[in-house]
Structures are given as structure tokens and as C-alpha cells.
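Q: Sending over query_4.cif (mmCIF, C-alpha atoms).
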```
data_input
loop_
_atom_site.label_atom_id
_atom_site.label_comp_id
_atom_site.auth_asym_id
_atom_site.auth_seq_id
_atom_site.Cartn_x
_atom_site.Cartn_y
_atom_site.Cartn_z
CA MET A 1 54.74 71.26 117.90
CA HIS A 2 57.14 74.19 117.70
CA GLN A 3 55.89 77.52 118.99
CA ARG A 4 55.95 80.26 116.36
CA ALA A 5 55.26 83.31 118.56
CA ARG A 6 57.97 85.87 119.22
CA THR A 7 60.12 84.98 122.20
CA ARG A 8 61.90 87.48 124.38
CA ILE A 9 65.05 86.01 125.84
CA ALA A 10 67.70 87.21 128.25
CA THR A 11 71.26 87.21 127.00
CA VAL A 12 73.62 84.71 128.59
CA ALA A 13 76.64 86.57 129.93
CA ALA A 14 79.27 84.00 128.99
CA THR A 15 80.10 84.15 125.30
CA THR A 16 83.42 82.35 125.36
CA ALA A 17 81.88 78.97 124.55
CA VAL A 18 79.42 79.93 121.83
CA PHE A 19 81.26 78.07 119.11
CA ALA A 20 81.64 74.82 121.03
CA ALA A 21 78.15 73.65 120.14
CA GLY A 22 78.89 73.20 116.44
CA THR A 23 79.71 70.02 114.59
CA ALA A 24 82.81 69.22 112.58
CA ILE A 25 82.58 69.60 108.81
CA THR A 26 81.80 66.23 107.25
CA ALA A 27 84.19 65.03 104.55
CA ALA A 28 82.60 65.03 101.10
CA HIS A 29 81.44 61.79 99.52
CA ALA A 30 82.11 60.79 95.94
CA ALA A 31 79.64 62.31 93.49
CA ASP A 32 77.86 58.97 92.89
CA GLU A 33 77.13 58.47 96.62
CA THR A 34 74.49 60.05 98.83
CA PRO A 35 75.52 63.69 99.34
CA ALA A 36 76.65 64.84 102.75
CA LYS A 37 73.90 67.08 104.13
CA ASN A 38 74.23 69.94 106.56
CA ARG A 39 70.97 70.95 108.26
CA VAL A 40 70.74 74.74 108.50
CA LEU A 41 68.48 76.57 110.92
CA VAL A 42 67.95 80.14 109.70
CA VAL A 43 67.05 82.32 112.68
CA VAL A 44 65.45 85.74 112.10
CA VAL A 45 66.14 88.03 115.07
CA ASP A 46 65.18 91.53 116.20
CA PHE A 47 66.78 93.72 118.88
CA GLN A 48 65.38 95.93 121.60
CA ASP A 49 65.49 99.10 119.54
CA VAL A 50 65.59 97.81 115.96
CA LYS A 51 63.39 95.31 114.15
CA HIS A 52 63.07 94.06 110.60
CA SER A 53 60.71 96.30 108.67
CA ASP A 54 58.94 93.23 107.26
CA ALA A 55 59.97 90.03 109.05
CA GLU A 56 57.63 87.85 107.00
CA ALA A 57 59.23 89.10 103.78
CA VAL A 58 62.65 88.33 105.25
CA LYS A 59 61.53 84.79 106.01
CA GLU A 60 60.08 84.26 102.55
CA ASN A 61 63.25 85.58 100.90
CA ALA A 62 65.35 83.37 103.18
CA LYS A 63 63.48 80.22 102.14
CA LYS A 64 64.24 81.06 98.52
CA GLU A 65 67.85 82.19 98.92
CA TYR A 66 68.92 79.35 101.20
CA PHE A 67 66.96 76.38 99.90
CA GLY A 68 64.84 77.41 96.89
CA GLY A 69 66.14 75.35 94.00
CA SER A 70 69.24 75.48 91.81
CA GLN A 71 69.95 79.19 92.34
CA SER A 72 69.89 78.99 96.13
CA ILE A 73 72.85 78.44 98.45
CA ALA A 74 71.91 74.77 98.58
CA GLY A 75 71.88 74.65 94.77
CA TYR A 76 75.23 76.45 94.50
CA TYR A 77 76.99 74.06 96.86
CA THR A 78 75.40 71.04 95.20
CA LYS A 79 76.78 72.31 91.89
CA VAL A 80 80.33 73.16 92.93
CA SER A 81 80.70 69.93 94.95
CA GLN A 82 79.35 67.84 92.05
CA GLY A 83 76.57 66.57 94.26
CA ALA A 84 78.88 65.50 97.10
CA PHE A 85 77.58 68.08 99.58
CA THR A 86 74.56 70.25 100.10
CA TYR A 87 72.72 72.35 102.67
CA VAL A 88 69.19 71.34 103.63
CA PRO A 89 66.58 73.07 105.81
CA ALA A 90 66.38 72.12 109.46
CA ALA A 91 62.85 71.82 110.84
CA THR A 92 59.98 72.26 108.37
CA ASP A 93 61.36 74.91 106.02
CA GLY A 94 64.54 75.82 107.88
CA VAL A 95 63.50 79.39 108.79
CA VAL A 96 62.28 80.36 112.28
CA GLY A 97 61.51 83.52 114.22
CA PRO A 98 61.44 86.42 114.41
CA TYR A 99 62.73 86.32 117.96
CA GLU A 100 63.19 89.55 119.88
CA LEU A 101 66.52 89.33 121.71
CA ASP A 102 67.21 91.12 124.96
CA LEU A 103 70.11 93.00 123.38
CA PRO A 104 70.64 96.69 122.51
CA GLN A 105 70.39 98.03 118.99
CA ASN A 106 72.57 96.03 116.57
CA PRO A 107 75.33 94.93 118.92
CA CYS A 108 78.66 94.14 117.28
CA ASP A 109 79.26 91.31 119.76
CA ALA A 110 78.50 88.43 117.40
CA GLY A 111 79.02 85.92 120.19
CA ALA A 112 76.30 87.46 122.32
CA VAL A 113 73.92 87.49 119.34
CA ARG A 114 74.72 83.83 118.56
CA THR A 115 74.13 82.78 122.17
CA ALA A 116 70.85 84.68 122.46
CA ALA A 117 69.60 83.45 119.07
CA ALA A 118 70.40 79.82 119.89
CA GLU A 119 68.62 80.10 123.23
CA ALA A 120 65.59 81.67 121.58
CA ALA A 121 65.47 78.82 119.07
CA GLU A 122 65.86 76.26 121.87
CA ALA A 123 63.00 77.86 123.78
CA ASP A 124 60.97 77.39 120.59
CA GLY A 125 61.93 73.71 120.43
CA TYR A 126 65.05 73.66 118.23
CA THR A 127 68.21 72.18 119.74
CA ALA A 128 71.72 72.15 118.27
CA ASP A 129 72.89 68.74 117.01
CA GLU A 130 69.49 67.18 117.58
CA ASP A 131 67.61 69.51 115.22
CA TYR A 132 70.30 71.35 113.25
CA ASP A 133 73.98 71.27 112.29
CA SER A 134 74.46 74.96 111.41
CA ILE A 135 72.79 78.16 112.53
CA SER A 136 72.50 81.22 110.28
CA ILE A 137 71.35 84.45 111.93
CA LEU A 138 69.52 87.18 110.01
CA GLN A 139 69.56 90.50 111.84
CA PRO A 140 68.34 93.97 110.77
CA SER A 141 71.05 96.28 109.44
CA ALA A 142 69.29 99.55 110.38
CA GLY A 143 71.47 101.63 112.67
CA SER A 144 74.34 99.15 112.57
CA ASP A 145 77.87 100.51 112.90
CA CYS A 146 79.59 97.09 112.78
CA GLY A 147 80.82 97.65 109.20
CA TRP A 148 80.06 94.13 107.94
CA ALA A 149 77.38 92.47 105.86
CA GLY A 150 78.21 88.95 106.98
CA LEU A 151 80.31 86.90 109.39
CA GLY A 152 81.21 83.22 109.37
CA SER A 153 83.15 80.87 111.64
CA VAL A 154 86.19 79.20 110.04
CA PRO A 155 85.38 76.31 109.95
CA GLY A 156 82.20 75.83 111.88
CA PRO A 157 78.43 76.05 112.05
CA ASN A 158 77.81 79.78 112.49
CA THR A 159 76.96 82.59 110.07
CA TRP A 160 75.59 86.08 110.69
CA LEU A 161 74.01 88.20 107.91
CA GLN A 162 72.62 91.72 108.07
CA VAL A 163 69.39 92.37 106.17
CA GLY A 164 68.47 95.78 104.76
CA GLU A 165 65.17 97.62 104.57
CA ASP A 166 64.35 95.79 101.31
CA SER A 167 64.28 92.49 103.27
CA LYS A 168 66.69 90.94 100.76
CA ILE A 169 69.77 88.90 101.63
CA SER A 170 73.10 89.32 99.83
CA LYS A 171 73.86 86.10 97.95
CA GLY A 172 77.50 87.14 97.69
CA ALA A 173 77.74 87.38 101.47
CA MET A 174 75.96 84.04 101.88
CA VAL A 175 78.24 82.12 99.50
CA HIS A 176 81.30 83.72 101.09
CA GLU A 177 80.36 83.07 104.72
CA PHE A 178 79.27 79.50 104.11
CA GLY A 179 82.63 79.05 102.37
CA HIS A 180 84.27 80.05 105.64
CA ASN A 181 82.16 77.39 107.36
CA GLN A 182 83.77 74.88 104.98
CA GLY A 183 87.17 75.97 106.29
CA PHE A 184 88.12 78.22 103.34
CA GLY A 185 90.11 81.33 104.19
CA HIS A 186 90.22 84.61 102.30
CA HIS A 187 91.78 84.09 98.91
CA LYS A 188 94.61 86.48 98.03
CA ARG A 189 96.77 86.97 94.98
CA ASP A 190 100.56 86.86 94.52
CA GLU A 191 102.08 88.91 91.70
CA CYS A 192 104.70 86.86 89.84
CA PRO A 193 106.09 88.83 86.84
CA ASP A 194 106.56 86.64 83.75
CA GLY A 195 105.53 83.58 85.73
CA ASP A 196 108.83 83.44 87.62
CA LEU A 197 108.01 82.18 91.11
CA ALA A 198 111.29 83.59 92.43
CA LYS A 199 109.93 87.08 91.75
CA CYS A 200 106.56 86.73 93.47
CA THR A 201 105.30 89.45 95.77
CA THR A 202 103.06 87.85 98.38
CA GLY A 203 99.46 88.85 98.93
CA GLU A 204 99.15 91.84 96.55
CA GLY A 205 95.38 92.00 96.38
CA TYR A 206 92.58 89.44 96.17
CA SER A 207 91.79 86.63 93.77
CA GLY A 208 88.79 86.88 91.47
CA LYS A 209 88.69 83.10 90.96
CA THR A 210 86.59 82.27 94.02
CA PRO A 211 83.87 83.82 96.20
CA MET A 212 86.46 83.72 98.98
CA GLY A 213 88.36 86.51 97.18
CA SER A 214 86.73 89.12 94.98
CA GLY A 215 84.91 86.76 92.61
CA GLY A 216 81.44 87.03 94.13
CA PRO A 217 78.70 84.42 93.74
CA GLY A 218 79.10 84.28 89.94
CA VAL A 219 82.24 82.13 90.13
CA GLY A 220 82.92 78.68 91.52
CA PHE A 221 85.50 77.79 94.12
CA ALA A 222 89.14 77.46 93.06
CA ALA A 223 90.68 74.02 92.56
CA PRO A 224 92.66 74.03 95.85
CA GLU A 225 89.45 74.66 97.79
CA LEU A 226 87.72 71.80 95.96
CA ILE A 227 90.68 69.51 96.65
CA SER A 228 90.60 70.38 100.35
CA ARG A 229 87.00 69.13 100.58
CA GLY A 230 87.35 66.13 98.29
CA TRP A 231 85.03 67.71 95.71
CA LEU A 232 87.06 66.56 92.69
CA PRO A 233 86.39 62.81 92.83
CA GLY A 234 87.22 60.00 90.45
CA GLY A 235 90.69 61.12 89.37
CA GLN A 236 89.63 64.68 88.46
CA ALA A 237 92.49 65.98 90.64
CA VAL A 238 95.83 64.42 89.75
CA THR A 239 98.96 64.37 91.89
CA VAL A 240 101.84 64.84 89.45
CA LYS A 241 104.85 62.68 90.40
CA LYS A 242 106.83 62.74 87.17
CA SER A 243 107.09 64.91 84.06
CA ALA A 244 103.98 64.60 81.92
CA THR A 245 101.58 66.41 79.60
CA PHE A 246 97.90 66.55 80.53
CA THR A 247 94.66 67.55 78.86
CA LEU A 248 92.48 69.43 81.34
CA ASP A 249 88.72 69.79 81.20
CA ALA A 250 87.04 72.90 82.56
CA LEU A 251 86.82 72.88 86.35
CA PHE A 252 83.04 73.29 86.19
CA GLY A 253 80.91 71.79 83.47
CA GLY A 254 83.76 69.73 82.00
CA GLU A 255 83.40 66.25 80.57
CA ALA A 256 82.60 63.48 83.04
CA GLY A 257 85.69 61.61 84.13
CA GLY A 258 88.18 64.14 82.78
CA VAL A 259 91.17 65.60 84.63
CA ARG A 260 90.33 69.06 86.00
CA ALA A 261 93.21 69.96 88.31
CA LEU A 262 96.92 69.17 88.74
CA ASP A 263 98.52 69.01 92.17
CA ILE A 264 102.29 69.51 91.83
CA PRO A 265 104.96 69.22 94.57
CA LEU A 266 106.91 72.45 95.09
CA GLY A 267 109.32 71.77 97.92
CA LYS A 268 107.22 71.93 101.11
CA ASP A 269 104.45 73.71 99.20
CA ARG A 270 102.01 72.58 96.52
CA LEU A 271 101.30 74.13 93.13
CA VAL A 272 97.75 73.60 91.88
CA VAL A 273 96.84 74.19 88.22
CA GLU A 274 93.30 74.34 86.82
CA TYR A 275 91.48 75.26 83.61
CA ARG A 276 88.41 77.51 83.86
CA GLN A 277 85.75 78.35 81.30
CA GLU A 278 82.17 79.63 81.44
CA ASP A 279 79.76 76.93 82.53
CA PRO A 280 76.26 77.43 81.07
CA THR A 281 74.83 74.47 83.01
CA TYR A 282 74.47 76.66 86.12
CA THR A 283 72.76 79.98 85.50
CA ASP A 284 71.76 82.61 88.04
CA ASP A 285 69.30 85.31 87.01
CA GLU A 286 71.43 88.00 88.66
CA ASP A 287 74.97 86.74 88.16
CA GLY A 288 74.64 84.92 84.82
CA ASN A 289 76.41 81.66 84.04
CA LEU A 290 78.96 80.27 86.46
CA ASP A 291 82.50 81.49 85.68
CA ALA A 292 81.22 83.80 82.93
CA ALA A 293 84.11 86.22 83.61
CA VAL A 294 86.78 83.51 83.99
CA GLU A 295 88.82 81.93 81.20
CA GLY A 296 92.14 80.15 80.88
CA VAL A 297 94.63 78.14 82.92
CA HIS A 298 95.26 79.43 86.43
CA ALA A 299 97.75 78.44 89.10
CA TYR A 300 97.75 78.61 92.90
CA LEU A 301 100.33 78.22 95.62
CA ALA A 302 99.25 76.16 98.65
CA PRO A 303 101.85 77.12 101.29
CA GLY A 304 102.95 74.14 103.35
CA GLY A 305 100.38 72.05 101.49
CA ASP A 306 97.48 73.93 103.11
CA TYR A 307 94.92 74.12 100.29
CA ASN A 308 92.59 76.30 102.38
CA LYS A 309 95.25 79.03 102.46
CA SER A 310 96.07 78.93 98.77
CA ARG A 311 96.86 82.11 96.78
CA LEU A 312 96.38 82.87 93.10
CA LEU A 313 99.66 83.31 91.15
CA ASP A 314 99.24 86.27 88.78
CA PRO A 315 101.92 86.47 86.04
CA THR A 316 100.70 89.86 84.76
CA PRO A 317 100.91 92.37 87.65
CA GLY A 318 99.07 95.62 87.13
CA GLU A 319 96.81 94.33 84.36
CA GLY A 320 93.81 93.64 86.57
CA GLU A 321 92.02 90.36 87.10
CA GLY A 322 89.70 88.17 85.08
CA LYS A 323 91.26 86.66 81.99
CA GLU A 324 94.48 88.65 82.32
CA ASP A 325 95.85 86.53 85.18
CA ALA A 326 95.77 83.26 83.26
CA ILE A 327 99.19 81.65 82.92
CA THR A 328 101.15 80.58 79.85
CA THR A 329 104.31 79.46 81.71
CA LEU A 330 105.41 79.15 85.33
CA THR A 331 108.97 78.50 86.41
CA ASP A 332 110.47 77.60 89.78
CA LYS A 333 114.20 77.07 89.26
CA LYS A 334 114.83 76.36 92.93
CA ASN A 335 112.55 73.31 92.94
CA LYS A 336 113.16 72.47 89.24
CA VAL A 337 109.51 72.77 88.27
CA GLU A 338 108.19 74.22 85.02
CA VAL A 339 104.60 74.44 83.79
CA GLU A 340 103.75 75.32 80.18
CA VAL A 341 100.32 75.78 78.61
CA GLY A 342 100.18 74.41 75.06
CA ARG A 343 96.63 75.39 74.20
CA SER A 344 93.62 76.70 76.06
CA GLY A 345 90.05 77.18 74.92
CA ASP A 346 86.86 75.48 73.75
CA GLY A 347 86.57 73.46 76.93
CA LYS A 348 90.08 71.97 76.92
CA ALA A 349 93.61 72.96 77.88
CA THR A 350 96.93 71.20 77.32
CA VAL A 351 99.38 71.59 80.20
CA SER A 352 102.92 70.20 80.36
CA VAL A 353 104.62 69.74 83.72
CA SER A 354 108.38 69.22 83.94
CA LEU A 355 109.82 67.98 87.25
CA ASP A 356 113.45 67.67 88.38
CA GLY A 357 114.68 69.16 85.12
CA VAL A 358 113.17 66.36 83.01
CA PRO A 359 111.25 67.80 80.01
CA ALA A 360 107.61 66.81 79.78
CA PRO A 361 106.74 64.44 76.90
CA ALA A 362 104.67 65.81 74.06
CA ALA A 363 100.88 65.62 74.18
CA GLY A 364 99.67 62.20 73.07
CA SER A 365 102.84 60.45 74.20
CA ALA A 366 102.46 57.10 75.93
CA GLU A 367 104.57 58.41 78.82
CA GLN A 368 102.12 59.83 81.31
CA GLY A 369 102.25 61.10 84.88
CA ASN A 370 100.97 59.43 88.01
CA THR A 371 97.19 59.79 88.32
CA ALA A 372 96.72 59.36 92.06
CA ALA A 373 94.30 61.91 93.50
CA PRO A 374 95.37 64.12 96.42
CA ALA A 375 93.60 63.28 99.66
CA PRO A 376 90.97 65.70 101.00
CA GLN A 377 92.35 68.08 103.60
CA ALA A 378 91.54 67.03 107.15
CA GLN A 379 88.77 69.05 108.79
CA GLY A 380 88.85 69.25 112.56
CA GLY A 381 86.34 71.02 114.75
CA GLU A 382 86.15 74.77 114.60
CA GLY A 383 89.15 76.97 114.08
CA ALA A 384 89.79 80.36 115.55
CA PRO A 385 87.30 82.98 114.34
CA VAL A 386 88.29 85.70 111.91
CA SER A 387 86.15 88.80 111.42
CA GLU A 388 86.08 91.28 108.58
CA LYS A 389 85.44 94.96 108.99
CA GLY A 390 84.66 97.20 106.05
CA SER A 391 86.40 100.29 104.79
CA ASP A 392 85.92 102.36 101.66
CA ALA A 393 89.61 102.22 100.89
CA GLY A 394 90.48 100.63 97.58
CA ALA A 395 93.43 98.75 99.08
CA PRO A 396 93.79 96.94 102.39
CA ALA A 397 94.98 99.06 105.28
CA ALA A 398 98.19 98.23 107.12
CA PRO A 399 97.73 95.63 109.86
CA ARG A 400 97.36 96.98 113.36
CA GLN A 401 97.16 95.34 116.75
CA ALA A 402 93.91 95.31 118.67
CA LYS A 403 94.21 96.66 122.21
CA LYS A 404 94.27 94.31 125.14
CA ASP A 405 91.54 94.77 127.69
CA GLY A 406 93.32 92.89 130.48
CA ALA A 407 90.70 90.12 130.53
CA GLY A 408 92.55 87.44 128.63
CA THR A 409 92.01 89.10 125.25
CA GLU A 410 94.52 88.14 122.60
CA ASP A 411 96.26 90.59 120.29
CA LEU A 412 94.57 90.19 116.92
CA ALA A 413 95.48 91.76 113.60
CA GLU A 414 92.95 93.79 111.62
CA THR A 415 93.03 94.63 107.92
CA GLY A 416 90.65 96.86 105.96
CA GLY A 417 89.30 96.61 102.43
CA SER A 418 86.35 97.16 100.07
CA SER A 419 83.62 94.71 99.11
CA THR A 420 85.62 93.31 96.25
CA THR A 421 88.60 92.90 98.54
CA PRO A 422 87.19 91.20 101.62
CA LEU A 423 89.33 91.65 104.67
CA ILE A 424 90.41 89.81 107.76
CA ALA A 425 90.09 91.45 111.14
CA ALA A 426 89.86 90.64 114.80
CA ALA A 427 86.52 89.54 116.16
CA GLY A 428 87.07 91.52 119.36
CA ALA A 429 87.47 90.74 123.03
CA ALA A 430 84.35 88.63 123.41
CA MET A 431 85.42 86.36 120.53
CA ALA A 432 89.04 85.79 121.48
CA GLY A 433 89.93 82.11 121.59
CA VAL A 434 86.45 80.81 120.77
CA GLY A 435 86.68 79.98 117.06
CA GLY A 436 87.27 81.83 113.82
CA LEU A 437 85.13 84.44 112.15
CA CYS A 438 85.33 86.15 108.80
CA LEU A 439 83.45 89.24 107.69
CA TYR A 440 82.00 90.10 104.29
CA THR A 441 81.51 93.75 103.33
CA LEU A 442 78.54 94.75 101.22
CA ARG A 443 79.44 97.76 99.09
CA ARG A 444 79.31 96.82 95.40
CA ARG A 445 81.88 97.91 92.85
CA GLY A 446 82.10 96.94 89.20
CA ARG A 447 80.30 93.72 88.30
CA ARG A 448 77.75 92.16 90.64
CA ASN A 449 79.86 90.43 93.25
CA ALA A 450 78.71 91.98 96.54
#
```
I'd like the structure from this file rewritten - as C-alpha cells, please.
A:
Amino acid sequence: MHQRARTRIATVAATTAVFAAGTAITAAHAADETPAKNRVLVVVVDFQDVKHSDAEAVKENAKKEYFGGSQSIAGYYTKVSQGAFTYVPAATDGVVGPYELDLPQNPCDAGAVRTAAAEAAEADGYTADEDYDSISILQPSAGSDCGWAGLGSVPGPNTWLQVGEDSKISKGAMVHEFGHNQGFGHHKRDECPDGDLAKCTTGEGYSGKTPMGSGGPGVGFAAPELISRGWLPGGQAVTVKKSATFTLDALFGGEAGGVRALDIPLGKDRLVVEYRQEDPTYTDDEDGNLDAAVEGVHAYLAPGGDYNKSRLLDPTPGEGEGKEDAITTLTDKKNKVEVEVGRSGDGKATVSVSLDGVPAPAAGSAEQGNTAAPAPQAQGGEGAPVSEKGSDAGAPAAPRQAKKDGAGTEDLAETGGSSTTPLIAAAGAAMAGVGGLCLYTLRRRGRRNA
């Protein structure tokens, strides 16, 4: 029987190996097979000087937000993966603690918190690998000066979330950080006037087409992210090998068996095209229907074929995001690739792809493109951590180098941003070389997308 009493535990000094205990991300199964399950242990922790105002309320909210039906994190990932992957509670209900850690008030050393929390859970009978695959730490936000609402290893088994006085947990931060655990990076946006890829300006802002950018929990993941995990099974993602015209179904909620994404060679890179429309089959009380603010055909560049580092291609710079960044045409004269949208709406889109200067046949023609699906992107163990640190600035700050401390610390870049433009920053000296972290800021702006 697992002990439920509070446990006071000494912090282990060495933090350089805290990410080694995780497991590799399991490749997704086809939708008609048993879903891959990741067992999550949610650990509620207090510090020496700061405690949750109502730890029992935190635990009850955690049970709901992590595992409580279709609107939970488990429900969201089941939906976007088409049943190929889900999160399940470790232990009885997946939530343990509160454990009082032998650490000062809200330390920003996430590694030390992770080590102490894991040891507290182990003292209570929960062991990594044997009892859980991922660990998610809920710590009080009172008095914190860390500037983040959430952190996640990229990829890996670790997430950290700060909980306010209301004992509620930000769903936006949860979706975002668990996306990092899947290996997804921050999703930026290239501005490409008139759809000319020769004119693109790299990384001018963040994409609203995924929770990994500025989309929040009310949108699904973008097609490149789904491809990277194998979450578009059964020919839904098509590798285009010759000029052809395709009819695309909506990425979420489309017809069973339809094509939902095109994967197009672009020299050493890949160009991914999707069609998005509101999906009423997944409704969240707070955020509404999935993709309610998304419409049209969108395109992404996967540099070097790395789907996890894809960027949205915006043909209408300066006109904001949402429906304005849908494409009508894209042209890459260097690689002799042209994409043209014939129609878009009512759950369908017609997209013509011309390769090597050969015009695409008209819709309905017998001449069709190759329908082989791109392979899921390989997932190794854990990558280097990336952290995010908040700023009230509306645009990211210029990168700067973190100072060396002479103890083997690497130089790491840091970038600032607001909640709708999550940022990448260094995790700090204690995290150098031990796996990637990403931070999620909390301040809301505009629609609900924390």
C-alpha cells in the first residue's frame, strides 16, 4: 500500500542526470490498433516557505484536467492522434502528494525540483519505469520569480506546471508542455509575400495553427507534427512524387479514409499542405470546438525534412493570423514546385501540385499522384532541454548568450515573448547538457489560449 502522508525529503545535489530516468516516446500505432499509452504520475509538491493554498483542490482539479474524460489532456491527445496515443493515470488515479520538498521558496532550478519530487514519490512507493512513464510536477506559483507557467522536456517524460491561488491548472500550458514531451518544438511563422517562397522572411512571429505556437488548447496540432508521430494513418498523409490534383478532407473531423495532408519534396526540405476547418466533434466548455478559429488550406516548411521544426508559411504578412494566413498559391521556382488551391470550404479543399515544371492534371483526372504515406519521424531518447522565460514584450527579444559559470555550463540562447508568442530560452547552468526544456508563459491576450 502506498503511503499518502506528506514526506519531507532532502534534495539530491547532483541534477545533471535528472532526465536520464525517462523513457523514449513510443511510436504511434494505427488508429484501429490498441493505442499507445503513457502512464503519467502527477506529483503535487510544496516548498519550505510556500505551499498550495488548498492541496486537495489542486489534486481534484488535476484528476479532471489530466484524465477526466474527453476534455482532459488524455482526451485531447486521444482526439488529435485519432486514438493512436493517449495518457493514462499511473497508480490509482495518477495524482500523488502533496510532498514537502527540502527546497527554498519556488526555486527556478527545475532539475532540483524534478529530482526531489521523484525521490519523494519513490519514498511513497512510486518508481520510474516500474510505476510510471512520465512525471508531471505541480508546484505553487506564489512568490515565484521564474517567469514561466510551464516547462517540458523535448522530448521526454518531464513537465513542470505552476498552480495559482485558485488551485486551477492552465490547460494551454498542459497541452503545450506535453507537446514538447512528444518532441514538438516551438512553432514559428515565415512571412512569404504573395506565396513566393523566394521572398520568405524566416521566423517572423508564431503560428496560430498549433498549441506549440500561439494557437492555445482550442486548436489541434499541425499536419507536420501529426506526420512526425505517425498520427495520420491509412493514407491520410500522402507523399507527392509527381504532379497531381488532390481533394483534401479537414485535418480533424474529416471523412474516414480521406487524404488530409500532402508531403511535397522541396529540395532538401519538405513542404506540407493541410486543410483545416472547425471540428464540432470535439468541444471544450472553455475553448469551444476544435479549430473554431482556423479555416482554409495552410502550408508549412519542414527544414531538412525535420517535421518537428516545421514553420507556417504566411502569404499575407502584416494581416494577422487565423484565416488570413491560408494560402491560395505557393511557388518555388528554384525547386520547380507550385501549389494551387482550387476550392476550399464545406469540409473539402482541392489542391493541385505541380512538380518539375509539369502542370498538375485537372481535378477528376485519372492521372493521380503517388499515395505512399511519409514514415513517422524517428524518436530517440530525450533531447536537450529548452526553457521559456516570459516577458511582457509583444515581440520576441533579440537572442543573447547566457553567461558561463566555469563549471561546464554551455552558452545557451534566450529569447523573450508574451503568452501568445511562447519563447525559447536557456534552462540555466544546472540543466546544461541534460535534456531539453521548453517554457510556457501564462499571461492571456485576445482569445483564450493561455
Q: Which residues are near segment 248-250 of chain A? Cut-off 7 Å, only C-alpha atoms, ignore same chain within fewer than 2 positions. Put them as a ChimeraX atom specification.
A: /A:246,252-255,258-260,275-277,347-350
Q: Atom CA of His180 of chain A and atom CA of Lys59 of chain A, how far apart in Å?
A: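 Straight-line distance from atom CA of Lys59 of chain A to atom CA of His180 of chain A works out to 23.2 Å.
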Q: Enumerate, as a ChimeraX atom specification, the residues matched when the PyMOL selection byres ((chain A and resi 300-316) around 6) is run on the file above.
A: /A:184-185,187-195,207,224-225,228,268-272,299,317,319,325
Q: Mind telling me what the PyMOL selection byres ((chain A and resi 52) around 10) catches here, as a list in words?
A: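 Answer for the PyMOL selection byres ((chain A and resi 52) around 10): Val44, Val45, Asp46, Phe47, Val50, Lys51, Ser53, Asp54, Ala55, Glu56, Ala57, Val58, Pro98, Leu138, Gln139, Pro140, Ser141, Ala142, Val163, Gly164, Glu165, Asp166 and Ser167 of chain A.
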Q: Decode the PyMOL selection byres ((chain A and resi 285-292) around 12) for the given file into explicit residues and return them as a ChimeraX atom specification.
A: /A:70-72,76,79-80,170-172,208-211,215-222,250-253,275-284,293-296,322-323,447-450
Q: Between atom CA of Leu197 of chain A and atom CA of Gly267 of chain A, what distance in Å does the model show, to one decimal?
A: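 The value is 12.5 Å.
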Q: Which residues are close to Trp160 of chain A, i.e. within 12 Å by all atoms listed in the file, leaving aside same-chain residues fewer than 2 positions away? Reply as a PyMOL selection string.
A: chain A and resi 41-45+106+108-114+117+134-141+146+148-153+157-158+162-163+169-170+173-174+176-178+180-181+387-388+437-440
Q: Which centre and edge lengths in Å to one decimal define the box along x, y and z that fits every listed atom of segment 163-168 of chain A plus 4 Å per side, as AutoDock Vina command-line options?
A:
```
--center_x 66.8 --center_y 94.3 --center_z 103.5 --size_x 13.1 --size_y 14.7 --size_z 13.4
```
Q: Please report the interatomic distance between atom CA of Glu324 of chain A and atom CA of Asp263 of chain A in Å with one decimal.
A: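 We find that atom CA of Glu324 of chain A and atom CA of Asp263 of chain A lie 22.3 Å from each other.
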Q: Would you please work out which residue, of A:Trp231, A:Ala198, A:Val353, A:Lys242, is nearest to Val273 of chain A when using only C-alpha atoms?
A: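 Closest residue, counting only C-alpha atoms: A:Val353.
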Q: Of the candidates A:Gln182, A:Thr115, A:Thr78, A:Ser354, which one gets nearest to Ile264 of chain A if we count all atoms listed in the file?
A: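 Counting all atoms listed in the file, the residue closest to Ile264 of chain A is A:Ser354.
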Q: Check the smallest atom-to-atom distance from each of A:Ala91, A:Ala123, A:Val339, A:Ala116 to Ser243 of chain A using only C-alpha atoms, then report the winner.
A: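 With only C-alpha atoms as the atom set, the closest residue is A:Val339.
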Q: Quick one: of A:Leu262, A:Ala128, A:Ala120, A:Ala326, who's nearest to Ser352 of chain A, counting only C-alpha atoms?
A: A:Leu262
Q: Let me make sure I understand: among A:Asp124, A:Glu65, A:Asp346, A:Glu340, which one has the smallest atom-to-atom distance to Pro361 of chain A if we use all atoms listed in the file?
A: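 Going through A:Asp124, A:Glu65, A:Asp346, A:Glu340 one by one, the smallest distance to Pro361 of chain A is for A:Glu340.
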Q: With only C-alpha atoms as the counted atoms, please give the residues lying no more than 7 Å from Lys63 of chain A, apart from itself and same-chain residues fewer than 4 positions off, as number ranges by chain.
A: A: 59, 67-68, 93, 95
Q: Select, from A:Ala256, A:Met212, A:Leu103, A:Val358, the residue with the minimum atom-to-atom distance to Asp49 of chain A, counting only C-alpha atoms.
A: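 The closest residue to Asp49 of chain A is A:Leu103.
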